[in-house]
>>> print(open('entry_12.txt').read())   # compact mmCIF, C-alpha atoms
# COMPACT_ATOMS: atom_id res chain seq x y z
CA LYS A 1 26.08 5.16 -16.88
CA ASN A 2 26.89 8.71 -18.00
CA ASP A 3 26.48 12.10 -16.34
CA ALA A 4 23.23 12.78 -18.20
CA ASP A 5 21.72 9.60 -16.76
CA ASP A 6 22.84 10.65 -13.28
CA ASP A 7 21.17 14.04 -13.73
CA ASP A 8 17.95 12.38 -14.93
CA ASP A 9 17.97 10.04 -11.93
CA ASP A 10 18.49 12.98 -9.58
CA ASP A 11 15.54 14.81 -11.14
CA ILE A 12 13.30 11.75 -10.87
CA MET A 13 14.33 11.13 -7.27
CA ASP A 14 13.55 14.78 -6.51
CA TYR A 15 10.13 14.27 -8.09
CA PHE A 16 9.36 11.26 -5.89
CA GLN A 17 10.61 13.05 -2.79
CA GLN A 18 8.35 15.99 -3.55
CA CYS A 19 5.40 13.63 -4.08
CA GLN A 20 6.21 11.97 -0.77
CA SER A 21 6.32 15.35 1.02
CA VAL A 22 2.98 16.37 -0.46
CA MET A 23 1.20 13.06 0.24
CA GLN A 24 2.43 12.25 3.75
CA PRO A 25 0.43 14.93 5.64
CA TRP A 26 -2.77 13.65 4.03
CA ARG A 27 -2.28 10.23 5.65
CA MET A 28 -3.66 11.70 8.88
CA ILE A 29 -6.75 13.03 7.11
CA LEU A 30 -7.72 10.70 4.26
CA ASP A 31 -8.70 7.05 4.44
CA THR A 32 -5.79 4.67 3.78
CA GLN A 33 -7.39 3.23 0.66
CA ILE A 34 -7.84 6.71 -0.80
CA ILE A 35 -4.12 7.37 -0.28
CA TYR A 36 -3.27 4.06 -1.95
CA ASN A 37 -5.52 4.88 -4.92
CA LEU A 38 -3.99 8.33 -5.37
CA VAL A 39 -0.45 6.95 -5.29
CA SER A 40 -1.39 4.05 -7.57
CA GLU A 41 -2.81 6.39 -10.21
CA SER A 42 -0.30 9.23 -10.00
CA MET A 43 3.01 7.65 -8.97
CA VAL A 44 3.06 3.92 -9.73
CA PRO A 45 3.28 4.22 -13.55
CA ARG A 46 6.31 6.47 -13.22
CA LEU A 47 7.72 4.28 -10.47
CA GLY A 48 7.42 1.32 -12.83
CA ARG A 49 9.45 3.07 -15.52
CA PHE A 50 12.01 4.23 -12.97
CA VAL A 51 12.52 0.85 -11.30
CA SER A 52 12.63 -0.97 -14.67
CA LYS A 53 15.90 0.87 -15.40
CA MET A 54 17.62 -0.65 -12.35
CA SER A 55 20.91 -2.17 -13.49
CA ILE A 56 21.62 -5.69 -12.24
CA VAL A 57 25.35 -5.74 -11.48
CA ILE A 58 27.27 -9.02 -11.47
CA SER A 59 30.87 -10.17 -10.98
CA GLY A 60 31.35 -8.55 -7.59
CA LYS A 61 30.72 -4.96 -8.68
CA LYS A 62 28.79 -2.64 -6.40
CA GLN A 63 25.04 -2.87 -6.85
CA ASP A 64 23.01 0.36 -6.76
CA TRP A 65 19.93 -0.35 -4.60
CA SER A 66 18.48 3.18 -4.63
CA ARG A 67 15.56 2.37 -6.96
CA LEU A 68 14.49 -0.65 -4.96
CA ASP A 69 15.02 1.21 -1.68
CA LEU A 70 12.67 3.95 -2.87
CA VAL A 71 9.84 1.46 -3.48
CA CYS A 72 10.46 -0.18 -0.08
CA GLU A 73 10.43 3.20 1.65
CA LEU A 74 7.11 4.19 0.08
CA LEU A 75 5.56 0.98 1.38
CA ASP A 76 7.11 1.28 4.84
CA ILE A 77 5.83 4.84 5.39
CA GLY A 78 2.31 3.88 4.33
CA LEU A 79 1.97 5.58 0.94
CA LEU A 80 2.24 2.51 -1.32
CA SER A 81 -0.11 -0.45 -1.01
CA GLN A 82 1.30 -3.95 -0.56
CA PHE A 83 -0.25 -4.96 -3.89
CA ASP A 84 1.44 -2.15 -5.84
CA PHE A 85 4.71 -2.79 -3.99
CA ILE A 86 4.86 -6.48 -4.82
CA ILE A 87 3.90 -6.07 -8.50
CA LEU A 88 6.65 -3.47 -8.92
CA VAL A 89 9.25 -5.71 -7.27
CA GLU A 90 8.22 -8.85 -9.15
CA GLY A 91 7.49 -7.26 -12.52
CA GLU A 92 10.36 -4.76 -12.74
CA VAL A 93 13.10 -6.19 -10.50
CA MET A 94 12.90 -9.92 -9.86
CA ASN A 95 12.13 -10.99 -13.43
CA HIS A 96 15.02 -8.84 -14.67
CA TRP A 97 17.28 -10.32 -11.97
CA ALA A 98 16.32 -13.91 -12.88
CA ASP A 99 16.86 -13.22 -16.59
CA THR A 100 20.29 -11.70 -15.87
CA MET A 101 21.31 -14.63 -13.70
CA HIS A 102 20.13 -17.17 -16.28
CA GLU A 103 22.08 -15.47 -19.08
CA TRP A 104 25.18 -15.26 -16.89
CA ILE A 105 25.06 -18.94 -15.91
CA SER A 106 24.39 -19.97 -19.53
CA SER A 107 27.51 -18.10 -20.63
CA LYS A 108 29.59 -19.93 -18.01
CA MET A 109 28.48 -23.46 -18.93
CA GLU A 110 31.48 -24.06 -21.19
CA LYS A 111 34.14 -22.92 -18.73
CA LYS A 112 37.19 -25.13 -18.32
CA LYS A 113 37.20 -27.53 -15.40
CA GLU A 114 39.93 -25.63 -13.56
CA ASP A 115 37.77 -22.47 -13.64
CA GLU A 116 34.55 -24.15 -12.48
CA GLY A 117 35.06 -23.51 -8.77
CA GLU A 118 35.64 -19.80 -9.25
CA VAL A 119 32.60 -19.47 -11.52
CA VAL A 120 30.31 -21.26 -9.08
CA ASN A 121 31.62 -19.15 -6.20
CA ASP A 122 30.88 -15.94 -8.13
CA VAL A 123 27.34 -17.05 -8.93
CA VAL A 124 26.69 -18.16 -5.35
CA GLU A 125 27.97 -14.84 -4.00
CA PHE A 126 25.70 -13.00 -6.42
CA TYR A 127 22.72 -15.08 -5.27
CA ILE A 128 23.47 -14.63 -1.56
CA ALA A 129 23.93 -10.87 -1.94
CA TRP A 130 20.50 -10.50 -3.52
CA ARG A 131 18.68 -12.91 -1.26
CA THR A 132 20.20 -11.29 1.82
CA ARG A 133 19.28 -7.81 0.64
CA MET A 134 15.74 -8.75 -0.35
CA MET A 135 14.78 -11.20 2.40
CA HIS A 136 17.08 -10.41 5.35
CA PRO A 137 18.13 -6.74 5.08
CA HIS A 138 19.10 -6.50 8.77
CA SER A 139 22.08 -8.80 8.20
CA THR A 140 23.57 -6.22 5.81
CA LEU A 141 24.05 -3.76 8.70
CA SER A 142 27.42 -3.39 10.27
CA ASN A 143 27.98 -5.46 13.41
CA SER A 144 29.81 -2.46 14.85
CA ASN A 145 26.44 -0.87 15.58
CA PRO A 146 24.51 -3.58 17.48
CA SER A 147 21.95 -1.13 18.88
CA LYS A 148 20.86 -0.15 15.36
CA VAL A 149 20.66 -3.79 14.34
CA GLN A 150 18.50 -4.61 17.36
CA GLN A 151 16.27 -1.59 16.73
CA GLN A 152 15.65 -2.45 13.08
CA GLN A 153 15.04 -6.12 13.88
CA HIS A 154 12.42 -5.06 16.39
CA GLN A 155 10.73 -2.71 13.90
CA GLN A 156 10.55 -5.33 11.13
CA PRO A 157 9.86 -3.13 8.04
CA VAL A 158 6.67 -4.01 6.19
CA SER A 159 8.59 -4.37 2.93
CA TRP A 160 10.81 -7.07 4.42
CA LEU A 161 7.83 -9.05 5.75
CA VAL A 162 5.90 -8.77 2.48
CA LEU A 163 8.84 -10.05 0.43
CA GLN A 164 9.48 -12.92 2.82
CA LYS A 165 5.87 -14.10 2.70
CA ASP A 166 5.27 -13.72 -1.03
CA GLU A 167 5.15 -17.03 -2.88
CA MET A 168 6.30 -15.71 -6.27
CA ILE A 169 9.31 -13.88 -4.83
CA CYS A 170 10.34 -17.08 -3.04
CA ARG A 171 9.86 -19.02 -6.29
CA HIS A 172 12.33 -16.73 -8.06
CA PHE A 173 15.00 -17.45 -5.47
CA HIS A 174 14.25 -21.18 -5.55
CA ALA A 175 14.55 -21.17 -9.35
CA ALA A 176 17.91 -19.41 -8.99
CA LEU A 177 19.13 -22.21 -6.73
CA LEU A 178 18.07 -24.72 -9.38
CA MET A 179 20.04 -22.71 -11.96
CA ILE A 180 23.14 -22.95 -9.75
CA GLN A 181 22.58 -26.70 -9.40
CA ALA A 182 22.32 -27.01 -13.19
CA LEU A 183 25.62 -25.10 -13.51
CA ILE A 184 27.37 -27.42 -11.06
CA GLU A 185 25.99 -30.53 -12.79
CA LYS A 186 26.55 -29.10 -16.30
CA ASP A 187 22.89 -29.86 -17.06
CA GLU A 188 22.06 -27.62 -20.02
CA ASP A 189 18.57 -29.12 -20.44
CA ALA A 190 17.66 -28.31 -16.83
CA LEU A 191 18.98 -24.77 -17.27
CA GLU A 192 16.95 -24.37 -20.47
CA ASP A 193 13.80 -25.42 -18.61
CA LEU A 194 14.44 -22.63 -16.10
CA THR A 195 14.56 -19.87 -18.73
CA PRO A 196 12.58 -16.89 -17.34
CA PRO A 197 10.58 -14.44 -19.45
CA VAL A 198 12.82 -11.85 -21.07
CA LYS A 199 12.69 -8.37 -19.58
CA GLU A 200 10.83 -6.92 -22.57
CA GLU A 201 7.95 -9.40 -22.08
CA MET A 202 7.39 -8.79 -18.37
CA ASN A 203 6.45 -5.67 -16.40
CA TYR A 204 4.41 -4.63 -13.39
CA ARG A 205 1.19 -4.23 -15.40
CA ILE A 206 1.31 -7.84 -16.60
CA VAL A 207 2.05 -9.03 -13.07
CA SER A 208 -0.79 -6.87 -11.73
CA ALA A 209 -3.33 -8.43 -14.11
CA ARG A 210 -2.15 -11.95 -13.27
CA ARG A 211 -2.19 -11.43 -9.51
CA ALA A 212 -5.60 -9.74 -9.58
CA ARG A 213 -6.98 -12.64 -11.62
CA GLU A 214 -5.49 -15.19 -9.22
CA THR A 215 -7.05 -13.36 -6.26
CA ARG A 216 -10.47 -13.37 -7.91
CA ILE A 217 -10.15 -17.07 -8.73
CA GLU A 218 -9.27 -17.89 -5.14
CA GLU A 219 -12.16 -15.79 -3.84
CA GLU A 220 -14.54 -17.57 -6.21
CA ILE A 221 -13.27 -20.97 -5.07
CA GLN A 222 -13.90 -20.00 -1.45
CA ARG A 223 -17.41 -18.76 -2.31
CA ASN A 224 -18.10 -22.05 -4.08
CA LYS A 225 -16.91 -24.01 -1.06
CA ARG A 226 -19.10 -21.98 1.28
CA ALA A 227 -22.07 -22.40 -1.04
CA SER A 228 -21.48 -26.15 -1.22
CA ALA A 229 -21.23 -26.39 2.56
CA ALA A 230 -24.47 -24.43 2.96
CA ALA A 231 -26.21 -26.60 0.38
CA ALA A 232 -25.04 -29.79 2.08
CA SER A 233 -26.58 -28.65 5.36
CA ASP A 234 -29.96 -28.16 3.71
CA THR A 235 -30.96 -31.38 1.94
CA SER A 236 -34.14 -29.89 0.56
CA ALA A 237 -32.16 -27.30 -1.38
CA SER A 238 -29.20 -29.46 -2.35
CA THR A 239 -30.37 -30.17 -5.91
CA GLY A 240 -30.99 -26.51 -6.68
CA ALA A 241 -27.72 -25.46 -5.12
CA ALA A 242 -25.81 -28.01 -7.21
CA GLY A 243 -27.44 -26.67 -10.37
CA ILE A 244 -26.41 -23.14 -9.50
CA ALA A 245 -22.86 -24.22 -8.71
CA THR A 246 -22.38 -25.66 -12.21
CA THR A 247 -23.25 -22.33 -13.84
CA ARG A 248 -20.45 -20.45 -12.10
CA THR A 249 -18.24 -18.54 -14.50
CA GLN A 250 -15.23 -19.63 -12.49
CA ARG A 251 -14.81 -23.42 -12.19
CA GLU A 252 -12.47 -25.64 -10.22
CA ASN A 253 -10.92 -28.44 -12.28
CA VAL A 254 -10.60 -32.06 -11.22
CA ASP A 255 -6.93 -31.61 -10.33
CA GLY A 256 -7.70 -28.62 -8.09
CA THR A 257 -6.52 -25.97 -10.56
CA THR A 258 -8.79 -23.25 -11.90
CA THR A 259 -9.55 -21.80 -15.30
CA ALA A 260 -10.50 -18.17 -15.82
CA SER A 261 -13.50 -17.67 -18.11
CA PHE A 262 -13.56 -15.01 -20.81
CA ARG A 263 -16.05 -13.05 -18.71
CA ASP A 264 -13.46 -12.92 -15.92
CA VAL A 265 -10.87 -11.58 -18.38
CA VAL A 266 -13.24 -8.82 -19.53
CA GLU A 267 -14.26 -8.01 -15.96
CA GLU A 268 -10.65 -7.80 -14.85
CA TYR A 269 -9.81 -5.54 -17.81
CA ALA A 270 -12.66 -3.23 -16.80
CA LYS A 271 -11.38 -3.14 -13.24
CA GLN A 272 -7.85 -2.32 -14.41
CA HIS A 273 -9.20 0.70 -16.31
CA ASP A 274 -11.64 1.79 -13.55
CA VAL A 275 -14.69 1.02 -15.70
CA THR A 276 -17.87 -0.46 -14.21
CA PHE A 277 -18.91 -3.92 -15.41
CA HIS A 278 -22.17 -5.63 -14.44
CA PRO A 279 -25.09 -7.55 -16.01
CA ARG A 280 -27.93 -5.55 -17.52
CA MET A 281 -31.19 -6.04 -15.68
CA GLY A 282 -34.73 -6.00 -17.06
CA PRO A 283 -36.54 -7.41 -20.09
CA ASN A 284 -33.74 -6.60 -22.61
CA SER A 285 -31.03 -8.35 -20.67
CA THR A 286 -30.14 -11.09 -23.20
CA LYS A 287 -29.07 -11.37 -26.83
CA ASP A 288 -29.81 -14.72 -28.50
CA GLY A 289 -29.90 -16.29 -25.06
CA LYS A 290 -26.61 -14.74 -23.97
CA PRO A 291 -26.55 -12.28 -21.04
CA ILE A 292 -25.92 -8.63 -21.86
CA PHE A 293 -23.46 -6.68 -19.72
CA LEU A 294 -22.83 -2.99 -19.28
CA PHE A 295 -19.16 -2.14 -19.77
CA GLY A 296 -19.32 1.43 -18.51
CA SER A 297 -22.18 2.79 -20.62
CA VAL A 298 -21.66 0.34 -23.51
CA SER A 299 -23.92 -2.70 -23.88
CA ILE A 300 -21.96 -5.86 -24.72
CA TYR A 301 -22.35 -9.61 -24.87
CA LEU A 302 -19.74 -12.36 -25.07
CA ASP A 303 -19.68 -15.16 -27.62
CA SER A 304 -16.81 -17.62 -28.20
CA ASN A 305 -14.24 -15.34 -26.52
CA VAL A 306 -15.31 -12.37 -28.64
CA VAL A 307 -16.86 -9.16 -27.32
CA PHE A 308 -19.81 -7.77 -29.27
CA ALA A 309 -20.87 -4.18 -28.57
CA LEU A 310 -24.01 -2.25 -29.51
CA ARG A 311 -22.58 0.59 -31.55
CA GLY A 312 -23.40 3.36 -34.00
CA VAL A 313 -26.57 5.17 -34.90
CA SER A 314 -28.03 1.97 -36.34
CA LYS A 315 -27.42 0.20 -33.02
CA LYS A 316 -25.88 -2.90 -34.56
CA TRP A 317 -24.00 -5.55 -32.60
CA GLU A 318 -20.38 -5.48 -33.78
CA PRO A 319 -17.19 -7.24 -32.57
CA ILE A 320 -14.85 -4.93 -30.69
CA SER A 321 -11.40 -5.15 -29.11
CA LEU A 322 -10.97 -4.54 -25.39
CA ASP A 323 -8.85 -1.44 -26.02
CA ASP A 324 -11.54 0.09 -28.26
CA LEU A 325 -14.18 -0.90 -25.75
CA VAL A 326 -12.42 1.03 -23.01
CA ARG A 327 -12.20 4.10 -25.24
CA CYS A 328 -15.90 3.88 -26.11
CA SER A 329 -16.89 3.53 -22.46
CA LEU A 330 -15.09 6.69 -21.30
>>> encode(input="entry_12.txt", output="structure tokens")
Amino acid sequence: KNDADDDDDDDIMDYFQQCQSVMQPWRMILDTQIIYNLVSESMVPRLGRFVSKMSIVISGKKQDWSRLDLVCELLDIGLLSQFDFIILVEGEVMNHWADTMHEWISSKMEKKKEDEGEVVNDVVEFYIAWRTRMMHPHSTLSNSNPSKVQQQQHQQPVSWLVLQKDEMICRHFHAALLMIQALIEKDEDALEDLTPPVKEEMNYRIVSARRARETRIEEEIQRNKRASAAAASDTSASTGAAGIATTRTQRENVDGTTTASFRDVVEEYAKQHDVTFHPRMGPNSTKDGKPIFLFGSVSIYLDSNVVFALRGVSKKWEPISLDDLVRCSL
């Protein structure tokens, strides 16, 4: 890391500190969700780029936690939503960490037997340092200041609790343990199966879309269960309710998993770009038997995972990509 990089980091940190100073007084005036939306739109994209440049340091060198600490601080003081916090940590930190650890362990697989113990110890220390910092930050405080330790344990920062309770963050650490086991057992096939996505193929936007989709799927499952329970309590309406349940765009498979329909993908894409999406009502609400939706102001219908939009002066139905659809709707 050169001096120019240090200067750039200082400038960016100054920027975030200024944003924090400007936004904090408004917490007492504006609704919490409005604050979250403002930060999500104005700060999160730049936060994503900033955190993505966090260097993962191995082999006992000192790790710089300032980028991660900034994201935790913004959550703890109430400026960053839990959703934005967790997608930044998973998409820009944990995936990079898992990829670094996997590459490191892969490079150590061929070490001589007499060096195996030292290699395993280094990897375990690396794992413990990260897990302790991410999941149990209080234990990193000096024991020489017990009052501060007790005070912070009592406060329990929101960031700490969110990380501890998040399933995907816990999965990353569990996968890391399996990598260490593969190293000890010299099981190259097991290590290969644990290969994480490379850093270039994973970021907070991808994680955001996946988590939002999973939330919608879970909500739909719960609605289906409530509808089924209501239908079961009314035998006279059970047949009609069952018919409605089978037309849901979100279905639960036999094995309990769920599959997102293409409509859900389009709807989620609209939500990500703050574009309204809803069925058209009235007599002209279908095209060849398929429902017509309004994507912003653009009329569309879906056929075989393709979006068709009503475009041009001639008002012809033409296939369109989601990116072009967003541009047309603005």
>>> residues_around(input="entry_12.txt", residues="A:Val265", least_positions_apart="6", cutoff="10 Å", atoms="only C-alpha atoms", output="list in words")
Ala209, Arg213, Lys271, Asn305 and Leu322 of chain A
>>> closest_residue(input="entry_12.txt", among="A:Trp104, A:Trp160, A:Tyr36, A:Phe16", to="A:Met135", atoms="only C-alpha atoms")
A:Trp160
>>> closest_residue(input="entry_12.txt", among="A:Ile105, A:Leu325, A:Met168, A:Ile217", to="A:Leu191", atoms="only C-alpha atoms")
A:Ile105
>>> residues_around(input="entry_12.txt", residues="stretch 170-176 of chain A", least_positions_apart="3", cutoff="12 Å", atoms="only C-alpha atoms", output="count of residues only")
46
>>> closest_residue(input="entry_12.txt", among="A:Lys315, A:Arg226, A:Gln272, A:Leu330", to="A:Ala212", atoms="all atoms listed in the file")
A:Gln272
>>> atom_distance(input="entry_12.txt", atom1="atom CA of A:Ser66", atom2="atom CA of A:Asn121")
26.0 Å
>>> closest_residue(input="entry_12.txt", among="A:Asn203, A:Ser228, A:Ser81, A:Gln18", to="A:Gln33", atoms="all atoms listed in the file")
A:Ser81
>>> atom_distance(input="entry_12.txt", atom1="atom CA of A:Val207", atom2="atom CA of A:Ile86")
9.1 Å
>>> atom_distance(input="entry_12.txt", atom1="atom CA of A:Glu41", atom2="atom CA of A:Arg67")
19.1 Å
>>> residues_around(input="entry_12.txt", residues="A:Gly289", least_positions_apart="3", cutoff="12 Å", atoms="all atoms listed in the file", output="JSON list (two decimals) with C-alpha atoms, in the frame of the given file")
[["chain", "number", "residue", "atom", "x", "y", "z"],
["A", 284, "ASN", "CA", -33.74, -6.60, -22.61],
["A", 285, "SER", "CA", -31.03, -8.35, -20.67],
["A", 286, "THR", "CA", -30.14, -11.09, -23.20],
["A", 292, "ILE", "CA", -25.92, -8.63, -21.86],
["A", 301, "TYR", "CA", -22.35, -9.61, -24.87],
["A", 302, "LEU", "CA", -19.74, -12.36, -25.07],
["A", 303, "ASP", "CA", -19.68, -15.16, -27.62]]
>>> closest_residue(input="entry_12.txt", among="A:Pro291, A:Pro157, A:Gly312, A:Pro279", to="A:Glu73", atoms="only C-alpha atoms")
A:Pro157
>>> closest_residue(input="entry_12.txt", among="A:Leu70, A:Ile206, A:Ile169, A:Val198", to="A:Asp14", atoms="all atoms listed in the file")
A:Leu70
